[in-house]
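*Asks:* My structure file my_file11.txt, compact mmCIF, C-alpha atoms, is below:
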# COMPACT_ATOMS: atom_id res chain seq x y z
CA MET A 1 0.00 0.00 0.00
CA PRO A 2 1.40 3.45 -0.82
CA LEU A 3 2.77 5.45 2.05
CA GLY A 4 0.30 8.26 1.60
CA LEU A 5 -2.64 5.96 1.77
CA ASN A 6 -1.22 4.23 4.84
CA GLY A 7 -0.72 7.54 6.60
CA THR A 8 -4.20 8.64 5.70
CA GLN A 9 -5.64 5.38 6.99
CA GLY A 10 -3.69 5.78 10.27
CA ARG A 11 -4.94 9.28 10.76
CA PHE A 12 -8.47 8.13 9.91
CA SER A 13 -8.22 5.24 12.43
CA GLU A 14 -6.96 7.59 15.13
CA SER A 15 -9.76 10.02 14.36
CA LEU A 16 -12.36 7.24 14.42
CA SER A 17 -10.96 5.87 17.69
CA TYR A 18 -10.97 9.34 19.23
CA GLY A 19 -14.57 9.88 18.08
CA GLN A 20 -15.73 6.59 19.57
CA HIS A 21 -13.88 7.33 22.81
CA TYR A 22 -15.41 10.83 22.97
CA GLU A 23 -18.87 9.43 22.23
CA ARG A 24 -18.57 6.83 25.01
CA HIS A 25 -17.50 9.47 27.51
CA SER A 26 -20.28 11.79 26.34
CA VAL A 27 -22.87 9.04 26.82
CA GLN A 28 -21.46 8.18 30.24
CA ALA A 29 -21.43 11.84 31.25
CA SER A 30 -24.97 12.24 29.97
CA ASP A 31 -26.09 9.17 31.94
CA GLN A 32 -24.42 10.52 35.05
CA ASP A 33 -26.08 13.92 34.58
CA GLU A 34 -29.47 12.26 34.10
CA ALA A 35 -28.95 10.10 37.19
CA ALA A 36 -27.84 13.13 39.18
CA SER A 37 -30.90 15.11 38.10
CA PHE A 38 -33.20 12.09 38.53
CA GLU A 39 -32.46 11.62 42.25
CA PRO A 40 -33.38 15.19 43.32
CA ALA A 41 -36.50 15.00 41.15
CA VAL A 42 -37.63 11.78 42.83
CA LEU A 43 -36.82 13.15 46.28
CA SER A 44 -38.72 16.32 45.46
CA LYS A 45 -41.79 14.35 44.37
CA VAL A 46 -41.65 12.15 47.48
CA SER A 47 -41.26 15.23 49.67
CA ARG A 48 -44.22 16.99 48.02
CA PHE A 49 -46.38 13.89 48.33
CA GLY A 50 -45.39 13.44 51.98
CA SER A 51 -46.23 17.06 52.70
CA ALA A 52 -49.59 16.71 50.92
CA PHE A 53 -50.37 13.52 52.83
CA TYR A 54 -49.50 15.28 56.10
CA LYS A 55 -51.93 18.09 55.25
CA PHE A 56 -54.55 15.52 54.24
CA LEU A 57 -54.37 13.97 57.71
CA ARG A 58 -55.10 17.38 59.33
CA PRO A 59 -52.64 16.71 62.18
CA TYR A 60 -54.41 18.87 64.78
CA GLY A 61 -57.27 16.35 64.81
CA LEU A 62 -54.93 13.37 65.15
CA ILE A 63 -52.94 15.12 67.87
CA GLN A 64 -56.13 15.77 69.85
CA ALA A 65 -57.23 12.14 69.50
CA SER A 66 -53.80 10.95 70.68
CA ILE A 67 -53.61 13.35 73.62
CA SER A 68 -57.10 12.48 74.82
CA ALA A 69 -56.45 8.73 74.55
CA VAL A 70 -53.15 8.90 76.46
CA CYS A 71 -54.55 11.15 79.19
CA LEU A 72 -57.71 9.08 79.69
CA PHE A 73 -55.55 5.96 79.99
CA ALA A 74 -53.26 7.75 82.44
CA ARG A 75 -56.21 8.87 84.57
CA VAL A 76 -57.44 5.29 85.02
CA LEU A 77 -53.94 4.18 86.04
CA VAL A 78 -53.60 7.08 88.49
CA GLU A 79 -56.81 5.94 90.18
CA ASN A 80 -55.64 2.28 90.21
CA PRO A 81 -51.82 2.32 90.56
CA ARG A 82 -51.60 -1.18 92.10
CA LEU A 83 -53.11 -2.76 88.98
CA PHE A 84 -50.44 -1.39 86.64
CA LYS A 85 -48.53 -3.90 84.49
CA TRP A 86 -45.93 -3.17 81.82
CA SER A 87 -47.82 -5.38 79.40
CA LEU A 88 -50.66 -2.85 79.55
CA LEU A 89 -48.47 -0.25 77.83
CA LEU A 90 -48.00 -2.42 74.74
CA LYS A 91 -51.73 -3.08 74.57
CA ALA A 92 -52.47 0.61 75.11
CA PHE A 93 -50.05 1.62 72.34
CA THR A 94 -51.72 -0.80 69.92
CA GLY A 95 -55.10 0.60 70.89
CA LEU A 96 -53.79 4.13 70.34
CA ILE A 97 -52.88 3.24 66.75
CA ALA A 98 -56.43 1.98 66.17
CA ILE A 99 -57.83 5.23 67.60
CA VAL A 100 -55.60 7.37 65.38
CA LEU A 101 -56.62 5.32 62.34
CA SER A 102 -60.31 5.83 63.11
CA ARG A 103 -59.80 9.59 63.42
CA ALA A 104 -57.77 9.61 60.18
CA TYR A 105 -60.68 7.81 58.51
CA PHE A 106 -63.09 10.48 59.79
CA ILE A 107 -60.88 13.32 58.57
CA GLY A 108 -60.16 11.70 55.20
CA ILE A 109 -63.69 10.76 54.18
CA ASN A 110 -64.88 14.23 55.14
CA GLN A 111 -62.32 15.81 52.80
CA ILE A 112 -63.32 13.51 49.93
CA TYR A 113 -66.97 14.54 50.07
CA ASP A 114 -66.11 18.18 50.79
CA ALA A 115 -63.80 18.54 47.79
CA ASP A 116 -66.16 20.83 45.84
CA ILE A 117 -66.80 23.05 48.86
CA ASP A 118 -63.10 23.19 49.74
CA ARG A 119 -62.28 24.47 46.25
CA VAL A 120 -63.99 27.67 47.41
CA ASN A 121 -63.23 27.69 51.15
CA LYS A 122 -59.87 25.91 51.39
CA PRO A 123 -58.23 25.66 47.95
CA ASN A 124 -54.86 24.87 49.55
CA LEU A 125 -56.00 21.50 50.88
CA PRO A 126 -54.45 18.48 49.10
CA ILE A 127 -57.50 17.37 47.06
CA PRO A 128 -58.64 20.80 45.78
CA SER A 129 -55.04 21.79 45.00
CA GLY A 130 -54.43 18.54 43.09
CA ASP A 131 -51.58 17.36 45.33
CA ILE A 132 -53.59 14.21 46.11
CA SER A 133 -56.12 12.64 43.77
CA VAL A 134 -59.52 11.44 44.95
CA LYS A 135 -58.43 7.88 44.09
CA GLN A 136 -55.38 8.19 46.35
CA ALA A 137 -57.53 9.69 49.11
CA TRP A 138 -59.91 6.74 48.90
CA PHE A 139 -56.95 4.37 49.20
CA PHE A 140 -55.82 6.08 52.41
CA VAL A 141 -59.34 6.09 53.85
CA ILE A 142 -60.02 2.41 53.12
CA PHE A 143 -56.60 1.49 54.53
CA ASP A 144 -57.37 3.39 57.76
CA LEU A 145 -60.72 1.62 58.07
CA LEU A 146 -59.43 -1.91 57.47
CA ALA A 147 -56.24 -1.47 59.50
CA GLY A 148 -58.14 -0.14 62.52
CA LEU A 149 -60.64 -3.00 62.49
CA SER A 150 -57.82 -5.54 62.02
CA ILE A 151 -56.00 -4.18 65.07
CA LEU A 152 -59.12 -4.57 67.20
CA ARG A 153 -59.45 -8.17 66.02
CA LEU A 154 -55.80 -8.92 66.81
CA MET A 155 -56.26 -7.41 70.28
CA ASN A 156 -59.28 -9.67 70.92
CA ALA A 157 -61.32 -6.61 71.88
CA ASP A 158 -64.57 -7.46 73.64
CA LEU A 159 -68.01 -6.88 72.15
CA ILE A 160 -68.65 -3.53 73.83
CA THR A 161 -65.29 -2.06 72.81
CA THR A 162 -65.72 -3.26 69.21
CA SER A 163 -69.29 -1.98 69.09
CA LEU A 164 -68.28 1.48 70.32
CA TYR A 165 -65.45 1.60 67.77
CA CYS A 166 -67.77 0.60 64.91
CA LEU A 167 -70.44 3.04 66.10
CA GLY A 168 -67.87 5.82 65.90
CA LEU A 169 -67.00 4.78 62.34
CA PHE A 170 -70.70 4.72 61.46
CA PHE A 171 -71.26 8.30 62.61
CA ALA A 172 -68.00 9.41 60.98
CA THR A 173 -69.19 7.96 57.67
CA PHE A 174 -72.69 9.39 57.65
CA TYR A 175 -71.45 12.76 58.88
CA SER A 176 -70.07 13.30 55.36
CA VAL A 177 -71.53 10.67 53.02
CA PRO A 178 -74.83 11.26 51.15
CA PRO A 179 -77.71 10.77 51.35
CA ILE A 180 -77.66 11.15 55.15
CA ARG A 181 -74.73 13.62 55.36
CA PHE A 182 -75.34 15.03 58.84
CA LYS A 183 -73.19 18.07 58.13
CA ARG A 184 -75.81 19.51 55.75
CA SER A 185 -77.77 20.44 58.87
CA SER A 186 -76.27 22.60 61.60
CA PHE A 187 -78.51 20.91 64.16
CA ALA A 188 -77.44 17.40 63.09
CA THR A 189 -73.79 18.47 63.10
CA SER A 190 -74.04 19.90 66.61
CA ILE A 191 -75.36 16.50 67.75
CA GLY A 192 -73.47 14.01 65.55
CA LEU A 193 -69.95 15.44 65.91
CA PRO A 194 -70.03 15.78 69.74
CA LEU A 195 -71.65 12.35 70.03
CA THR A 196 -68.83 10.77 68.01
CA THR A 197 -65.79 12.63 69.33
CA GLY A 198 -67.09 13.59 72.76
CA VAL A 199 -69.09 10.60 73.99
CA ILE A 200 -68.23 7.50 71.94
CA HIS A 201 -64.50 8.28 71.68
CA ASN A 202 -63.97 9.06 75.37
CA VAL A 203 -66.31 6.47 76.85
CA GLY A 204 -64.83 3.82 74.53
CA ILE A 205 -61.27 4.54 75.68
CA LEU A 206 -62.22 4.68 79.36
CA TYR A 207 -64.24 1.48 79.12
CA ALA A 208 -61.48 -0.41 77.26
CA THR A 209 -58.85 0.74 79.77
CA ILE A 210 -60.94 -0.12 82.82
CA ALA A 211 -61.89 -3.50 81.35
CA SER A 212 -58.23 -4.29 80.62
CA LEU A 213 -57.55 -3.87 84.35
CA GLY A 214 -60.29 -6.35 85.18
CA LEU A 215 -62.51 -3.67 86.74
CA GLN A 216 -66.17 -2.84 86.29
CA PHE A 217 -66.95 0.37 84.42
CA SER A 218 -68.90 2.93 86.47
CA TRP A 219 -69.80 6.58 85.99
CA SER A 220 -67.49 8.20 88.53
CA PRO A 221 -67.52 12.02 88.93
CA SER A 222 -64.23 12.32 87.03
CA ILE A 223 -65.63 10.35 84.06
CA VAL A 224 -68.86 12.35 84.07
CA PHE A 225 -66.81 15.56 84.19
CA ILE A 226 -64.51 14.82 81.25
CA VAL A 227 -67.20 13.28 79.03
CA THR A 228 -69.58 16.19 79.67
CA PHE A 229 -66.85 18.78 79.22
CA ALA A 230 -65.51 17.21 76.01
CA THR A 231 -68.99 16.73 74.54
CA LEU A 232 -70.00 20.34 75.14
CA PHE A 233 -66.60 21.48 73.89
CA PHE A 234 -67.17 19.64 70.62
CA VAL A 235 -70.53 21.38 70.30
CA THR A 236 -68.61 24.65 70.16
CA VAL A 237 -65.97 23.16 67.85
CA SER A 238 -68.68 21.91 65.48
CA ILE A 239 -69.86 25.52 65.17
CA ALA A 240 -66.51 27.33 65.22
CA LYS A 241 -64.95 25.11 62.55
CA ASP A 242 -67.39 26.58 60.00
CA LEU A 243 -66.42 30.20 60.66
CA THR A 244 -63.87 29.96 57.84
CA ASP A 245 -66.29 28.26 55.43
CA VAL A 246 -69.25 30.64 55.24
CA GLU A 247 -68.84 31.52 51.55
CA GLY A 248 -68.53 27.95 50.28
CA ASP A 249 -71.22 26.60 52.62
CA MET A 250 -73.75 29.17 51.43
CA LYS A 251 -72.86 28.44 47.80
CA HIS A 252 -73.46 24.69 48.27
CA ASN A 253 -76.49 25.11 50.55
CA ILE A 254 -74.75 23.78 53.67
CA ARG A 255 -76.77 25.38 56.48
CA THR A 256 -74.20 25.83 59.24
CA PHE A 257 -74.67 28.17 62.21
CA PRO A 258 -72.21 30.78 60.85
CA ALA A 259 -73.96 30.67 57.45
CA ILE A 260 -77.39 31.16 59.08
CA PHE A 261 -76.67 33.48 62.02
CA GLY A 262 -73.43 35.09 60.89
CA PRO A 263 -69.83 34.64 62.11
CA ARG A 264 -70.09 37.19 64.95
CA ASN A 265 -73.16 35.71 66.60
CA SER A 266 -71.79 32.19 66.19
CA ALA A 267 -68.42 33.10 67.72
CA PHE A 268 -70.09 34.83 70.67
CA PHE A 269 -72.32 31.80 71.22
CA CYS A 270 -69.27 29.49 71.24
CA THR A 271 -67.48 31.74 73.72
CA GLY A 272 -70.53 31.96 75.97
CA LEU A 273 -71.00 28.19 76.00
CA LEU A 274 -67.34 27.62 76.87
CA LEU A 275 -67.48 30.21 79.64
CA VAL A 276 -70.46 28.39 81.16
CA LYS A 277 -68.41 25.18 81.14
CA TYR A 278 -65.41 26.84 82.76
CA ILE A 279 -67.61 28.39 85.45
CA GLY A 280 -69.22 24.98 85.99
CA ALA A 281 -65.80 23.37 86.45
CA ILE A 282 -64.84 26.02 89.01
CA VAL A 283 -68.11 25.56 90.90
CA ALA A 284 -67.67 21.76 90.90
CA ALA A 285 -64.18 22.13 92.34
CA ILE A 286 -65.39 24.50 95.07
CA TYR A 287 -68.36 22.42 96.18
CA MET A 288 -66.75 18.98 95.70
CA PRO A 289 -63.19 19.39 97.01
CA GLN A 290 -61.02 16.31 97.07
CA LYS A 291 -59.94 14.91 100.40
CA ILE A 292 -56.90 12.70 100.84
CA ARG A 293 -56.71 10.02 103.51
CA ALA A 294 -53.85 7.73 104.43
CA ASP A 295 -53.94 4.00 103.78
CA ARG A 296 -51.65 1.13 104.78
CA GLN A 297 -51.53 -0.53 101.39
CA SER A 298 -50.66 2.59 99.42
CA SER A 299 -49.22 5.98 100.13
CA PHE A 300 -52.66 7.58 99.84
CA ILE A 301 -56.12 7.09 98.45
CA SER A 302 -58.01 10.07 97.07
CA SER A 303 -61.76 10.28 97.22
CA SER A 304 -63.12 9.48 93.75
CA LYS A 305 -66.12 11.72 94.37
CA ALA A 306 -64.21 14.98 94.39
CA PHE A 307 -61.86 17.30 92.52
CA LYS A 308 -58.61 19.07 93.36
CA ARG A 309 -59.69 22.65 93.99
CA HIS A 310 -56.18 24.13 93.88
CA ILE A 311 -55.77 22.89 90.27
CA LEU A 312 -59.22 23.25 88.72
CA VAL A 313 -60.05 26.76 89.94
CA PRO A 314 -56.96 28.73 88.78
CA VAL A 315 -56.45 26.79 85.54
CA HIS A 316 -60.04 27.21 84.38
CA ALA A 317 -60.05 30.87 85.39
CA VAL A 318 -56.96 31.48 83.25
CA CYS A 319 -58.47 29.50 80.35
CA ALA A 320 -61.64 31.60 80.51
CA LEU A 321 -59.65 34.84 80.39
CA TRP A 322 -57.54 33.61 77.48
CA LEU A 323 -60.69 32.57 75.61
CA LEU A 324 -62.13 36.07 76.05
CA SER A 325 -58.92 37.59 74.68
CA GLN A 326 -59.05 35.32 71.61
CA THR A 327 -62.70 36.22 70.99
CA ARG A 328 -61.90 39.92 71.27
CA LYS A 329 -59.01 39.49 68.83
CA LEU A 330 -61.29 37.71 66.36
CA ASP A 331 -63.86 40.50 66.61
CA LYS A 332 -61.22 43.20 66.05
CA GLU A 333 -60.01 41.42 62.89
CA ASN A 334 -63.59 41.40 61.56
CA TYR A 335 -63.87 37.60 61.34
CA SER A 336 -61.48 37.25 58.43
CA GLN A 337 -60.71 33.74 57.26
CA GLU A 338 -57.24 33.81 58.81
CA ALA A 339 -58.52 35.19 62.13
CA SER A 340 -61.32 32.61 62.20
CA ALA A 341 -58.81 29.82 61.56
CA ASN A 342 -56.63 31.09 64.43
CA PHE A 343 -59.66 31.25 66.73
CA ASN A 344 -60.59 27.68 65.83
CA GLU A 345 -57.02 26.57 66.49
CA SER A 346 -57.11 28.24 69.92
CA LEU A 347 -60.18 26.16 70.81
CA TRP A 348 -58.29 22.95 69.97
CA LYS A 349 -55.45 24.08 72.24
CA LEU A 350 -57.88 24.68 75.10
CA LEU A 351 -59.39 21.23 74.57
CA ASN A 352 -55.96 19.58 74.57
CA LEU A 353 -55.08 21.45 77.76
CA GLU A 354 -58.21 20.08 79.45
CA PHE A 355 -57.19 16.51 78.66
CA LEU A 356 -53.60 17.12 79.77
CA LEU A 357 -55.02 18.38 83.05
CA PHE A 358 -57.40 15.45 83.51
CA PRO A 359 -54.98 12.91 85.12
CA PHE A 360 -54.20 15.43 87.87
CA ILE A 361 -57.63 16.77 88.88
In structure tokens, write the structure found in this file.
*Replies:*
Amino acid sequence: MPLGLNGTQGRFSESLSYGQHYERHSVQASDQDEAASFEPAVLSKVSRFGSAFYKFLRPYGLIQASISAVCLFARVLVENPRLFKWSLLLKAFTGLIAIVLSRAYFIGINQIYDADIDRVNKPNLPIPSGDISVKQAWFFVIFDLLAGLSILRLMNADLITTSLYCLGLFFATFYSVPPIRFKRSSFATSIGLPLTTGVIHNVGILYATIASLGLQFSWSPSIVFIVTFATLFFVTVSIAKDLTDVEGDMKHNIRTFPAIFGPRNSAFFCTGLLLVKYIGAIVAAIYMPQKIRADRQSSFISSSKAFKRHILVPVHAVCALWLLSQTRKLDKENYSQEASANFNESLWKLLNLEFLLFPFI
């Protein structure tokens, strides 16, 4: 072969080899860039979905359910310290998961059937904003329902405990689901919501805890106090929660108290009802003071038919004053959506405080 041709072929081979080498490195670099960009994209999607799911659960409701369950359990143990066993904590924790799942079911199914209303009132919620599809929401709700019932079965819950749990699920369902849909009527809401979250929830936990200790359930003054207080509190919550939703409720013919009587009258009614409850708690503490007597088998035994005056009186007086300040603040801000949401949040804080106080009264 002539020298010129051989040289040309050599240069051509080197050029071809360099091109192939460059192409391989380019492909590898491109793959690395795609992989590098893929990981943050996936993490971003997972993070957004996790945030949307967190908002879908409406954590303030789950926190309240958890606090109430733990404090009710603690109160029963405080009254019966000699019956405490470490195995009870595992059983109580399992029961707590079932309680949280039932509340998550309540919150989730309500958002599914309120999607059209929330597009007006609360467009930032996961379903109206498109962060979570209705299909995904249904998956979460059905999972909560089945998981909660499965836990009760694994715990070998007795008939009364299971019946109370299922009754709570029944009211939670028909609170939102047509054709019954209790929430279409302000009167039905003010009965159904307190009955579910005030009576069934609290009595169910107290009964299950007392039964797990091998004791007979009875309506002691402390149980009557917390069930009555929580039930009446949820009457106010069932009204106050709609202060932010007046526009959408009126558009979809949902006759809530704020939509019928106006936000100002509804807020004042809620405040007045709560003040009556706080005054009632103070009066109960004054006229039924707790007495402590010594006992050989334990350090002390407190009378179950009384309350600790030095705790109930000052705490409820402070709560009443703080409630008045929050109502005044809401009135000064002309019942804007943000101010109404803050007022509603303050009610949840007061309710949580009451349960945190319960083991010590």
*Asks:* Rank nothing, just name the residue among A:Ala92, A:Ile286, A:Ile112, A:Leu351 nearest to A:Leu274, using all atoms listed in the file.
*Replies:*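 Under the stated criterion, the closest residue is A:Leu351.
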*Asks:* Quick one: everything within 7 Å of stretch 322-337 of chain A, counting only C-alpha atoms, minus sequence neighbours fewer than 4 positions away in the same chain. Send it as a ChimeraX atom specification.
*Replies:* /A:244,263,318,341,343
*Asks:* Write out as number ranges by chain each polymer residue whose atoms come within 9 Å of A:Tyr207, counting all atoms listed in the file; drop sequence neighbours fewer than 3 positions from it.
*Replies:* A: 160-161, 202-204, 210-212, 216-218
*Asks:* Store the residues of this selection in a file with C-alpha atoms, as an mmCIF file, in the coordinates of the input.
*Replies:*
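Final output, saved to result-v3.cif:
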data_model
loop_
_atom_site.group_PDB
_atom_site.id
_atom_site.type_symbol
_atom_site.label_atom_id
_atom_site.label_comp_id
_atom_site.auth_asym_id
_atom_site.auth_seq_id
_atom_site.Cartn_x
_atom_site.Cartn_y
_atom_site.Cartn_z
ATOM 1 C CA ILE A 160 -68.650 -3.530 73.830
ATOM 2 C CA THR A 161 -65.290 -2.060 72.810
ATOM 3 C CA ASN A 202 -63.970 9.060 75.370
ATOM 4 C CA VAL A 203 -66.310 6.470 76.850
ATOM 5 C CA GLY A 204 -64.830 3.820 74.530
ATOM 6 C CA ILE A 210 -60.940 -0.120 82.820
ATOM 7 C CA ALA A 211 -61.890 -3.500 81.350
ATOM 8 C CA SER A 212 -58.230 -4.290 80.620
ATOM 9 C CA GLN A 216 -66.170 -2.840 86.290
ATOM 10 C CA PHE A 217 -66.950 0.370 84.420
ATOM 11 C CA SER A 218 -68.900 2.930 86.470
#
*Asks:* Tell me which residues come within 10 Å of (-69.2, 27.5, 60.2), as a PyMOL selection string, counting all atoms listed in the file in the file's coordinates.
*Replies:* chain A and resi 186+237-249+254-263+266-267+340
*Asks:* May I have the selected residues written with C-alpha atoms, as a PDB file, in the coordinates of the input?
*Replies:*
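Saved file again31.pdb follows:
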ATOM      1  CA  SER A 186     -76.270  22.600  61.600  1.00  0.00           C
ATOM      2  CA  VAL A 237     -65.970  23.160  67.850  1.00  0.00           C
ATOM      3  CA  SER A 238     -68.680  21.910  65.480  1.00  0.00           C
ATOM      4  CA  ILE A 239     -69.860  25.520  65.170  1.00  0.00           C
ATOM      5  CA  ALA A 240     -66.510  27.330  65.220  1.00  0.00           C
ATOM      6  CA  LYS A 241     -64.950  25.110  62.550  1.00  0.00           C
ATOM      7  CA  ASP A 242     -67.390  26.580  60.000  1.00  0.00           C
ATOM      8  CA  LEU A 243     -66.420  30.200  60.660  1.00  0.00           C
ATOM      9  CA  THR A 244     -63.870  29.960  57.840  1.00  0.00           C
ATOM     10  CA  ASP A 245     -66.290  28.260  55.430  1.00  0.00           C
ATOM     11  CA  VAL A 246     -69.250  30.640  55.240  1.00  0.00           C
ATOM     12  CA  GLU A 247     -68.840  31.520  51.550  1.00  0.00           C
ATOM     13  CA  GLY A 248     -68.530  27.950  50.280  1.00  0.00           C
ATOM     14  CA  ASP A 249     -71.220  26.600  52.620  1.00  0.00           C
ATOM     15  CA  ILE A 254     -74.750  23.780  53.670  1.00  0.00           C
ATOM     16  CA  ARG A 255     -76.770  25.380  56.480  1.00  0.00           C
ATOM     17  CA  THR A 256     -74.200  25.830  59.240  1.00  0.00           C
ATOM     18  CA  PHE A 257     -74.670  28.170  62.210  1.00  0.00           C
ATOM     19  CA  PRO A 258     -72.210  30.780  60.850  1.00  0.00           C
ATOM     20  CA  ALA A 259     -73.960  30.670  57.450  1.00  0.00           C
ATOM     21  CA  ILE A 260     -77.390  31.160  59.080  1.00  0.00           C
ATOM     22  CA  PHE A 261     -76.670  33.480  62.020  1.00  0.00           C
ATOM     23  CA  GLY A 262     -73.430  35.090  60.890  1.00  0.00           C
ATOM     24  CA  PRO A 263     -69.830  34.640  62.110  1.00  0.00           C
ATOM     25  CA  SER A 266     -71.790  32.190  66.190  1.00  0.00           C
ATOM     26  CA  ALA A 267     -68.420  33.100  67.720  1.00  0.00           C
ATOM     27  CA  SER A 340     -61.320  32.610  62.200  1.00  0.00           C
TER      28      SER A 340
END
*Asks:* For A:Asp131, which residue out of A:Leu152, A:Val70, A:Ala52, A:Val315 is the nearest one, using only C-alpha atoms?
*Replies:* A:Ala52
